[in-house]
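Printed here is input_32.cif (mmCIF, C-alpha atoms):
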data_run
#
loop_
_atom_site.label_atom_id
_atom_site.label_comp_id
_atom_site.auth_asym_id
_atom_site.auth_seq_id
_atom_site.Cartn_x
_atom_site.Cartn_y
_atom_site.Cartn_z
CA MET B 1 -52.20 -81.74 79.42
CA ALA B 2 -51.46 -78.88 77.05
CA THR B 3 -53.83 -76.01 76.37
CA VAL B 4 -53.88 -73.57 73.47
CA ALA B 5 -51.95 -70.44 74.46
CA VAL B 6 -51.85 -68.73 71.03
CA ASN B 7 -54.00 -69.40 67.95
CA THR B 8 -53.57 -67.14 64.92
CA SER B 9 -53.54 -67.92 61.21
CA ASN B 10 -49.76 -68.37 61.14
CA HIS B 11 -48.94 -69.36 64.75
CA ILE B 12 -50.42 -71.89 67.17
CA GLU B 13 -48.97 -72.69 70.57
CA PHE B 14 -49.80 -75.42 73.07
CA ARG B 15 -48.50 -75.21 76.64
CA ASN B 16 -48.64 -77.58 79.62
CA ILE B 17 -49.56 -75.11 82.34
CA THR B 18 -48.57 -76.22 85.81
CA SER B 19 -48.12 -73.96 88.80
CA SER B 20 -45.00 -75.79 90.00
CA VAL B 21 -42.99 -75.19 86.81
CA PRO B 22 -41.67 -71.70 85.94
CA THR B 23 -43.24 -70.21 82.81
CA ALA B 24 -40.04 -70.42 80.76
CA ASP B 25 -39.66 -74.16 81.49
CA GLN B 26 -43.24 -75.24 80.80
CA PRO B 27 -43.51 -77.91 78.11
CA THR B 28 -44.50 -76.00 74.97
CA LEU B 29 -45.18 -76.85 71.31
CA VAL B 30 -44.97 -73.90 68.91
CA VAL B 31 -46.00 -74.35 65.26
CA GLN B 32 -45.53 -71.50 62.79
CA ALA B 33 -46.34 -71.23 59.10
CA GLY B 34 -44.82 -68.74 56.73
CA ASP B 35 -42.00 -67.90 54.37
CA TRP B 36 -38.52 -68.73 55.65
CA SER B 37 -35.28 -67.41 54.24
CA ALA B 38 -32.89 -70.10 53.00
CA SER B 39 -29.33 -69.43 51.79
CA SER B 40 -30.22 -68.30 48.27
CA HIS B 41 -34.02 -68.46 48.17
CA THR B 42 -37.19 -68.38 50.25
CA GLU B 43 -39.07 -71.49 51.36
CA ALA B 44 -42.73 -71.57 52.35
CA GLY B 45 -43.51 -74.08 55.04
CA VAL B 46 -44.21 -74.98 58.65
CA ILE B 47 -41.82 -75.05 61.61
CA PHE B 48 -42.33 -77.11 64.80
CA ASP B 49 -40.49 -76.11 67.98
CA VAL B 50 -40.70 -77.92 71.32
CA TYR B 51 -39.51 -76.32 74.58
CA GLY B 52 -39.21 -77.50 78.15
CA GLU B 53 -37.80 -80.51 79.94
CA GLN B 54 -40.69 -82.72 78.80
CA ALA B 55 -42.71 -82.75 75.61
CA PRO B 56 -46.20 -81.25 75.88
CA ILE B 57 -49.07 -83.73 75.79
CA LEU B 58 -51.94 -82.80 73.46
CA THR B 59 -55.43 -83.96 74.23
CA PRO B 60 -57.32 -85.62 71.37
CA ALA B 61 -59.33 -82.40 70.96
CA ASP B 62 -56.13 -80.34 70.77
CA ALA B 63 -54.66 -82.77 68.23
CA ARG B 64 -57.76 -82.20 66.07
CA LYS B 65 -57.33 -78.42 66.46
CA LEU B 66 -53.73 -78.76 65.34
CA ALA B 67 -54.75 -80.89 62.34
CA LYS B 68 -57.35 -78.31 61.25
CA TRP B 69 -54.85 -75.49 61.81
CA LEU B 70 -52.24 -77.29 59.69
CA ALA B 71 -54.73 -77.85 56.86
CA ARG B 72 -55.72 -74.15 56.84
CA ALA B 73 -52.07 -73.04 57.04
CA ALA B 74 -51.13 -75.32 54.12
CA ASP B 75 -54.00 -73.91 52.05
CA GLU B 76 -52.89 -70.35 52.81
CA LEU B 77 -49.29 -71.16 51.88
CA GLU B 78 -50.53 -72.53 48.55
CA ASP B 79 -52.97 -69.61 48.09
CA LYS B 80 -55.93 -71.96 47.95
CA LYS B 81 -59.35 -70.56 48.70
CA PRO B 82 -61.52 -72.65 51.03
CA GLU B 83 -64.22 -74.49 49.16
CA LYS B 84 -67.77 -73.85 50.22
CA LYS B 85 -69.70 -77.01 50.73
CA GLY B 86 -73.36 -76.43 50.03
CA LYS B 87 -76.09 -78.83 50.93
CA GLN B 88 -77.55 -80.68 48.01
CA LYS B 89 -81.22 -81.41 48.07
CA TYR B 90 -82.17 -85.02 47.66
CA ARG B 91 -84.30 -85.55 44.60
CA HIS B 92 -86.16 -88.76 44.03
CA ALA B 93 -85.27 -88.61 40.34
CA ASP B 94 -81.59 -88.93 41.35
CA ASP B 95 -82.29 -92.25 43.05
CA ASP B 96 -81.12 -95.25 40.99
CA ASN B 97 -84.27 -97.16 41.93
CA TYR B 98 -86.68 -94.29 41.13
CA ASP B 99 -88.29 -96.02 38.14
CA GLU B 100 -88.68 -99.28 40.04
CA TRP B 101 -90.63 -97.94 43.01
CA ARG B 102 -92.51 -95.24 41.06
CA GLY B 103 -94.65 -97.90 39.54
#
What would the structure in this file look like if it were written as structure tokens?
Amino acid sequence: MATVAVNTSNHIEFRNITSSVPTADQPTLVVQAGDWSASSHTEAGVIFDVYGEQAPILTPADARKLAKWLARAADELEDKKPEKKGKQKYRHADDDNYDEWRG
């Protein structure tokens, strides 16, 4: 199973760490977000690279980490600010049945 080797705002890396495989040949998934130079312009986006003889296997928890990382990276690429989600207090007057049970 892969573990997180690097986790920054623009780079996340998962690596299958096994003692029998040399470091350079370990199955690795590298995902980077940023601005990439194209022939005549610059593109903002995400790049996925896979290294090693086999593909790295992400645990369900690591897959969730990657999903959250991708969402944050996409927001940063679009210059979106994270929305704060505040708790809303429940008020009985907001209940559709308030007048019925109030009596």
field: Shortest interatomic distance to Tyr51 of chain B - which of B:Glu13, B:Glu78, B:Asp35, B:Asp25, counting all atoms listed in the file
entry: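 Distance minimum relative to Tyr51 of chain B lands on B:Asp25.
Here atom CA of Ser9 of chain B and atom CA of Asp62 of chain B stand 15.9 Å from one another.
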task: Might you pull out every residue within 12 Å of Arg72 of chain B, with all atoms listed in the file counted and same-chain residues fewer than 2 positions away left off, and present them as a PyMOL selection string?
output: chain B and resi 8-12+33+46+65-70+74-83
query: Pick the closest to Glu53 of chain B from B:Ser37, B:Gln32, B:Ala71, B:Ala24: which is it, counting only C-alpha atoms?
result: B:Ala24
task: Tell me which of B:Pro56, B:Ser39, B:Arg64, B:Gln26 sits closest to Ala2 of chain B, counting only C-alpha atoms.
output: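 Of B:Pro56, B:Ser39, B:Arg64, B:Gln26, the one nearest Ala2 of chain B is B:Pro56, counting only C-alpha atoms.
Of the listed residues B:Gly34, B:Gly52, B:Pro60, B:Gly45, the one whose atoms come nearest to Asn16 of chain B is B:Gly52, with distances taken using all atoms listed in the file.
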message: Between atom CA of Ala61 of chain B and atom CA of Ala73 of chain B, what distance in Å does the model show, to one decimal?
response: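 Value for the atom CA of Ala61 of chain B-atom CA of Ala73 of chain B distance: 18.3 Å.
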task: In Å, rounded to a single decimal, give me how far atom CA of Leu29 of chain B is from atom CA of Gln54 of chain B.
output: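 Going from atom CA of Gln54 of chain B over to atom CA of Leu29 of chain B covers 10.5 Å.
Among the candidate residues B:Ser40, B:Phe48, B:Pro27, B:Ser20, the one lying nearest to Met1 of chain B is B:Pro27, with distances computed using only C-alpha atoms.
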Which centre and edge lengths in Å to one decimal define the box along x, y and z that fits every listed atom of segment 4-20 of chain B plus 6 Å per side, as AutoDock Vina command-line options?
--center_x -49.5 --center_y -72.4 --center_z 75.6 --size_x 21.0 --size_y 22.4 --size_z 40.9
message: Between B:Val50, B:Ile57, B:Ala44, B:Val31, which residue has the minimum interatomic distance to Thr3 of chain B, considering all atoms listed in the file?
response: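 Distance minimum relative to Thr3 of chain B lands on B:Ile57.
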